[in-house]
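Data block below; observations after.
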Amino acid sequence: MRLSHLAVATLASLPAGSLAFAPNANGPASTSRMSTQMFMAQENNDIVSQARNGVLSAFAASMIFLSPGPIMEPANAAVPTTPAKPEVVAVAETKPAAKAAPAKAAPAPAKAAAPAPVADPLAAEKKAVDATKSAVVAAEKGLTNAKKAHADANTLYSKANDNAALSEKKAVTSKKALIAANDKLADAKAKESTGSLSALKEVENLASKVGAAKDSLKKAEVELKETKAIKADAAKKLGTADTVLANAEKADVTAKANNTKATEKLAKASTSLAKQQKKDAKKKAVADKKAKVEQKKADKAAKIAAEKKVAAEKKAKAEADKKKAAADKKAKEIAAKKAADVAAKQKKLKELQAADKEAESKAKSLESEIARQKKELEKMTMTK
């Protein structure tokens, strides 16, 4: 039985008359008994009050030491409270750094693509020179062919001209022979009037010669006409050959002039290109030098940044380690303090439990004494 329950039950079991003085109308005899009763009641009240105060004090002390909460007023001391569990301070654990993934083998470098061909800045000029050279070769070949054709046409014309001249000479000769034959025939006819036989035969003979001369002249005239036609055709062909030769010579001159212009243009472009390349090379050298300086600065800045990053990471790690160590130390201190508090409270609890047993023993003795006093009091009240 708890001491508080025992005290309450004891106080509740006492009669109302034993805790207060009530006047009695029985006279002096009863007054003596009442005085005795009052003395005993007062003594009992003192004993009960002391027991009650002791029980309440022990209970309050046990609540103070066992309860982690605020101290409760005596009116609420009878309400049992559940001891709070020791507070556990959570300490953030520093997780170990994740292991770096094993570096994969670098893939085989791709086969370098063939560099793109560099465009020739003089390609157009060189192409023009090559084209004009080809034109010169073609023009020279055309001129050679034209000269040969002209020579052939000239030879043909010369031959036709000679043949025509020869035919004309033959025709003139045939005409002269015919005239001479006619003259002889006329003379013979004049002599024929004599009537001599020889004269007649001479006329007949000359008449046949005149006929032969006429045939020869006719044949010579036909041949002359043919040779003149051949000469005219040869002259026409020679004229065409003259025109072709003149055009070929003009084309040859033009092709060579164009080739000269293209060659001069290429030379001029080559000179300009050489000057521009020299300027570009100078600019590139300056740019490369500047880029090298900038790259050196960038490398230096990157190195400094990397060093700062490493230093910052090192500092951050040191601070994190320091904080972790402090947190671990604080957690250990808190745990040690909690353990000490728990041990102290457990010790105090044992002391209170021992005191409670002792008080319970005293309460039992007190309860027996109260019961005895109560019986005596009842006897005294019954015998009045």
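Residue numbering restarts at 1 in every chain; chains get A, B, ... in the order shown in the structure tokens, and ligands count up from 1 in that same order.
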
Can you tell me which residues surround Glu125 (chain A) at a distance of at most 7 Å, considering only C-alpha atoms, apart from same-chain residues fewer than 2 positions away, and format the answer as a count of residues only? 8

Could you list, as a CSV table (one decimal) with N, CA, C and O atoms, in the first residue's frame, every residue within 10 Å of Asp152 (chain A), counting only C-alpha atoms and ignoring same-chain residues fewer than 4 positions away?
chain,number,residue,atom,x,y,z
A,146,ALA,N,45.4,25.4,-141.6
A,146,ALA,CA,45.0,26.5,-142.6
A,146,ALA,C,46.1,26.7,-143.5
A,146,ALA,O,45.9,26.9,-144.8
A,147,LYS,N,47.4,26.8,-143.0
A,147,LYS,CA,48.5,27.1,-143.9
A,147,LYS,C,48.7,25.9,-144.9
A,147,LYS,O,48.9,26.1,-146.1
A,148,LYS,N,48.5,24.7,-144.4
A,148,LYS,CA,48.7,23.5,-145.3
A,148,LYS,C,47.6,23.5,-146.3
A,148,LYS,O,47.8,23.3,-147.5
A,156,LEU,N,47.1,23.7,-156.2
A,156,LEU,CA,46.0,23.3,-157.1
A,156,LEU,C,45.7,24.5,-158.1
A,156,LEU,O,45.5,24.3,-159.3
A,157,TYR,N,45.6,25.7,-157.5
A,157,TYR,CA,45.3,26.8,-158.4
A,157,TYR,C,46.4,27.1,-159.4
A,157,TYR,O,46.2,27.4,-160.6
A,158,SER,N,47.7,27.0,-158.9
A,158,SER,CA,48.8,27.2,-159.9
A,158,SER,C,48.7,26.1,-161.0
A,158,SER,O,49.0,26.5,-162.2
A,237,LYS,N,38.5,28.1,-154.2
A,237,LYS,CA,39.0,27.3,-153.1
A,237,LYS,C,40.2,28.0,-152.5
A,237,LYS,O,40.3,28.1,-151.2
A,238,LEU,N,41.0,28.6,-153.3
A,238,LEU,CA,42.1,29.4,-152.8
A,238,LEU,C,41.7,30.6,-152.0
A,238,LEU,O,42.2,31.0,-151.0
A,241,ALA,N,40.6,29.4,-148.8
A,241,ALA,CA,41.7,29.1,-148.0
A,241,ALA,C,42.4,30.3,-147.5
A,241,ALA,O,42.9,30.4,-146.3

Within 12 Å of Thr243 (chain A) using only C-alpha atoms, minus same-chain residues under 4 positions, as a PyMOL selection string: chain A and resi 143+146-147+149-150+153+236-239+247-250

With all heavy atoms retained, could you export that selection as a CSV table (one decimal), in the first residue's frame?
chain,number,residue,atom,x,y,z
A,143,LEU,N,46.0,27.1,-137.3
A,143,LEU,CA,46.8,27.9,-138.3
A,143,LEU,C,47.7,27.0,-139.1
A,143,LEU,O,47.8,27.2,-140.4
A,143,LEU,CB,47.7,28.9,-137.5
A,143,LEU,CG,48.6,29.8,-138.3
A,143,LEU,CD1,47.8,30.6,-139.3
A,143,LEU,CD2,49.5,30.7,-137.4
A,146,ALA,N,45.4,25.4,-141.6
A,146,ALA,CA,45.0,26.5,-142.6
A,146,ALA,C,46.1,26.7,-143.5
A,146,ALA,O,45.9,26.9,-144.8
A,146,ALA,CB,44.6,27.7,-141.8
A,147,LYS,N,47.4,26.8,-143.0
A,147,LYS,CA,48.5,27.1,-143.9
A,147,LYS,C,48.7,25.9,-144.9
A,147,LYS,O,48.9,26.1,-146.1
A,147,LYS,CB,49.8,27.3,-143.1
A,147,LYS,CG,49.9,28.6,-142.4
A,147,LYS,CD,51.2,28.7,-141.6
A,147,LYS,CE,51.3,30.1,-141.0
A,147,LYS,NZ,52.5,30.2,-140.2
A,149,ALA,N,46.3,23.8,-145.9
A,149,ALA,CA,45.2,23.8,-146.8
A,149,ALA,C,45.4,25.0,-147.8
A,149,ALA,O,45.1,24.8,-149.0
A,149,ALA,CB,43.9,24.0,-146.0
A,150,HIS,N,45.9,26.1,-147.3
A,150,HIS,CA,46.2,27.2,-148.3
A,150,HIS,C,47.2,26.9,-149.3
A,150,HIS,O,47.1,27.2,-150.5
A,150,HIS,CB,46.6,28.5,-147.5
A,150,HIS,CG,46.7,29.7,-148.3
A,150,HIS,ND1,47.9,30.0,-148.9
A,150,HIS,CD2,45.8,30.6,-148.7
A,150,HIS,CE1,47.8,31.1,-149.6
A,150,HIS,NE2,46.5,31.5,-149.5
A,153,ALA,N,45.7,24.5,-151.7
A,153,ALA,CA,44.8,25.2,-152.6
A,153,ALA,C,45.6,26.1,-153.6
A,153,ALA,O,45.3,26.2,-154.8
A,153,ALA,CB,43.9,26.1,-151.8
A,236,LYS,N,38.4,29.8,-156.4
A,236,LYS,CA,37.4,30.0,-155.3
A,236,LYS,C,37.9,29.3,-154.1
A,236,LYS,O,37.8,29.8,-153.0
A,236,LYS,CB,36.1,29.3,-155.8
A,236,LYS,CG,35.0,29.5,-154.8
A,236,LYS,CD,33.7,28.9,-155.4
A,236,LYS,CE,32.5,29.1,-154.4
A,236,LYS,NZ,31.3,28.5,-154.9
A,237,LYS,N,38.5,28.1,-154.2
A,237,LYS,CA,39.0,27.3,-153.1
A,237,LYS,C,40.2,28.0,-152.5
A,237,LYS,O,40.3,28.1,-151.2
A,237,LYS,CB,39.4,25.9,-153.5
A,237,LYS,CG,38.2,25.0,-153.8
A,237,LYS,CD,38.7,23.6,-154.2
A,237,LYS,CE,37.5,22.7,-154.5
A,237,LYS,NZ,37.9,21.3,-154.9
A,238,LEU,N,41.0,28.6,-153.3
A,238,LEU,CA,42.1,29.4,-152.8
A,238,LEU,C,41.7,30.6,-152.0
A,238,LEU,O,42.2,31.0,-151.0
A,238,LEU,CB,43.0,29.8,-154.0
A,238,LEU,CG,44.3,30.6,-153.6
A,238,LEU,CD1,45.2,29.8,-152.7
A,238,LEU,CD2,45.1,31.1,-154.8
A,239,GLY,N,40.6,31.3,-152.5
A,239,GLY,CA,40.0,32.4,-151.8
A,239,GLY,C,39.5,32.0,-150.4
A,239,GLY,O,39.7,32.7,-149.4
A,247,ASN,N,41.7,34.1,-140.9
A,247,ASN,CA,41.0,33.9,-139.6
A,247,ASN,C,41.8,33.1,-138.6
A,247,ASN,O,41.9,33.4,-137.4
A,247,ASN,CB,39.7,33.1,-139.8
A,247,ASN,CG,38.7,34.0,-140.6
A,247,ASN,OD1,38.7,35.2,-140.5
A,247,ASN,ND2,37.7,33.4,-141.3
A,248,ALA,N,42.6,32.1,-139.1
A,248,ALA,CA,43.4,31.3,-138.3
A,248,ALA,C,44.6,32.1,-137.7
A,248,ALA,O,44.9,32.0,-136.5
A,248,ALA,CB,44.0,30.1,-139.0
A,249,GLU,N,45.1,33.0,-138.6
A,249,GLU,CA,46.2,33.9,-138.1
A,249,GLU,C,45.6,34.8,-137.0
A,249,GLU,O,46.3,35.1,-136.0
A,249,GLU,CB,46.8,34.6,-139.3
A,249,GLU,CG,47.6,33.8,-140.2
A,249,GLU,CD,48.1,34.5,-141.5
A,249,GLU,OE1,47.5,35.6,-141.7
A,249,GLU,OE2,49.0,34.0,-142.2
A,250,LYS,N,44.4,35.4,-137.3
A,250,LYS,CA,43.8,36.3,-136.3
A,250,LYS,C,43.5,35.5,-135.0
A,250,LYS,O,43.8,36.1,-133.9
A,250,LYS,CB,42.5,36.8,-136.9
A,250,LYS,CG,41.8,37.9,-136.1
A,250,LYS,CD,40.6,38.4,-136.7
A,250,LYS,CE,39.9,39.4,-135.9
A,250,LYS,NZ,38.7,40.0,-136.5

Hey, what's within 7 Å of Leu206 (chain A) if we count only C-alpha atoms and toss same-chain stuff fewer than 5 positions away? As a PyMOL selection string, please? chain A and resi 181+184-185

Filtering to C-alpha atoms, could you give me those residues as an mmCIF file, in the first residue's frame?
data_model
loop_
_atom_site.group_PDB
_atom_site.id
_atom_site.type_symbol
_atom_site.label_atom_id
_atom_site.label_comp_id
_atom_site.auth_asym_id
_atom_site.auth_seq_id
_atom_site.Cartn_x
_atom_site.Cartn_y
_atom_site.Cartn_z
ATOM 1 C CA ALA A 181 44.651 26.474 -193.561
ATOM 2 C CA LYS A 184 45.927 28.244 -198.165
ATOM 3 C CA LEU A 185 42.547 26.808 -199.150
#

Counting only C-alpha atoms, what is within 10 Å of Lys225 (chain A), bar same-chain residues fewer than 5 positions away, as a VMD selection string? chain A and resid 164 167 to 168 219 to 220 230 to 231

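Distance check against Thr227 (chain A) using only C-alpha atoms: of A:Glu358, A:Glu351, A:Asp162, A:Glu367, the minimum falls on A:Asp162.
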
Which residues are close to Lys189 (chain A), i.e. within 10 Å by only C-alpha atoms, leaving aside same-chain residues fewer than 4 positions away? Reply as number ranges by chain. A: 183-185, 193-194, 199-200, 202-204, 206-207

Include N, CA, C and O atoms and write out the residues we just selected as a compact mmCIF listing (two decimals), in the first residue's frame.
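The result, stored in selection-v4.txt:
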# COMPACT_ATOMS: atom_id res chain seq x y z
N ASP A 183 43.52 30.24 -195.37
CA ASP A 183 44.23 31.09 -196.34
C ASP A 183 44.78 30.23 -197.48
O ASP A 183 44.67 30.59 -198.67
N LYS A 184 45.38 29.13 -197.14
CA LYS A 184 45.93 28.24 -198.16
C LYS A 184 44.81 27.68 -199.04
O LYS A 184 44.97 27.54 -200.27
N LEU A 185 43.67 27.34 -198.38
CA LEU A 185 42.55 26.81 -199.15
C LEU A 185 42.02 27.88 -200.12
O LEU A 185 41.66 27.58 -201.28
N SER A 193 40.79 27.56 -210.67
CA SER A 193 40.12 28.07 -211.87
C SER A 193 40.87 27.70 -213.15
O SER A 193 40.33 27.72 -214.24
N THR A 194 42.10 27.31 -213.04
CA THR A 194 42.89 26.89 -214.18
C THR A 194 42.43 25.53 -214.67
O THR A 194 42.71 25.12 -215.81
N ALA A 199 45.69 21.21 -209.15
CA ALA A 199 45.06 22.28 -208.36
C ALA A 199 43.83 21.76 -207.63
O ALA A 199 43.57 22.09 -206.46
N LEU A 200 43.09 20.88 -208.31
CA LEU A 200 41.90 20.32 -207.67
C LEU A 200 42.29 19.44 -206.47
O LEU A 200 41.66 19.48 -205.41
N GLU A 202 44.95 19.76 -204.73
CA GLU A 202 45.47 20.64 -203.67
C GLU A 202 44.31 21.24 -202.88
O GLU A 202 44.36 21.31 -201.64
N VAL A 203 43.25 21.63 -203.59
CA VAL A 203 42.08 22.21 -202.88
C VAL A 203 41.44 21.16 -201.99
O VAL A 203 41.07 21.42 -200.84
N GLU A 204 41.31 19.97 -202.55
CA GLU A 204 40.71 18.89 -201.76
C GLU A 204 41.56 18.58 -200.53
O GLU A 204 41.03 18.37 -199.43
N LEU A 206 43.70 20.61 -199.00
CA LEU A 206 43.64 21.73 -198.04
C LEU A 206 42.28 21.79 -197.34
O LEU A 206 42.18 22.18 -196.17
N ALA A 207 41.23 21.39 -198.06
CA ALA A 207 39.89 21.40 -197.45
C ALA A 207 39.85 20.42 -196.28
O ALA A 207 39.27 20.69 -195.21

Find the residues near Glu264 (chain A): any atom within 12 Å, counting only C-alpha atoms, skip ones fewer than 5 places away on the same chain, and give them as a list of chain:residue names.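 The residues that qualify are A:Glu125, A:Lys126, A:Ala128, A:Val129, A:Ala257, A:Asn258, A:Asn259, A:Ala269, A:Ser270, A:Thr271.
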
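The smallest atom-to-atom distance between Val253 (chain A) and any of A:Thr155, A:Thr132, A:Thr381, A:Ser272, using only C-alpha atoms, is found for A:Thr132.
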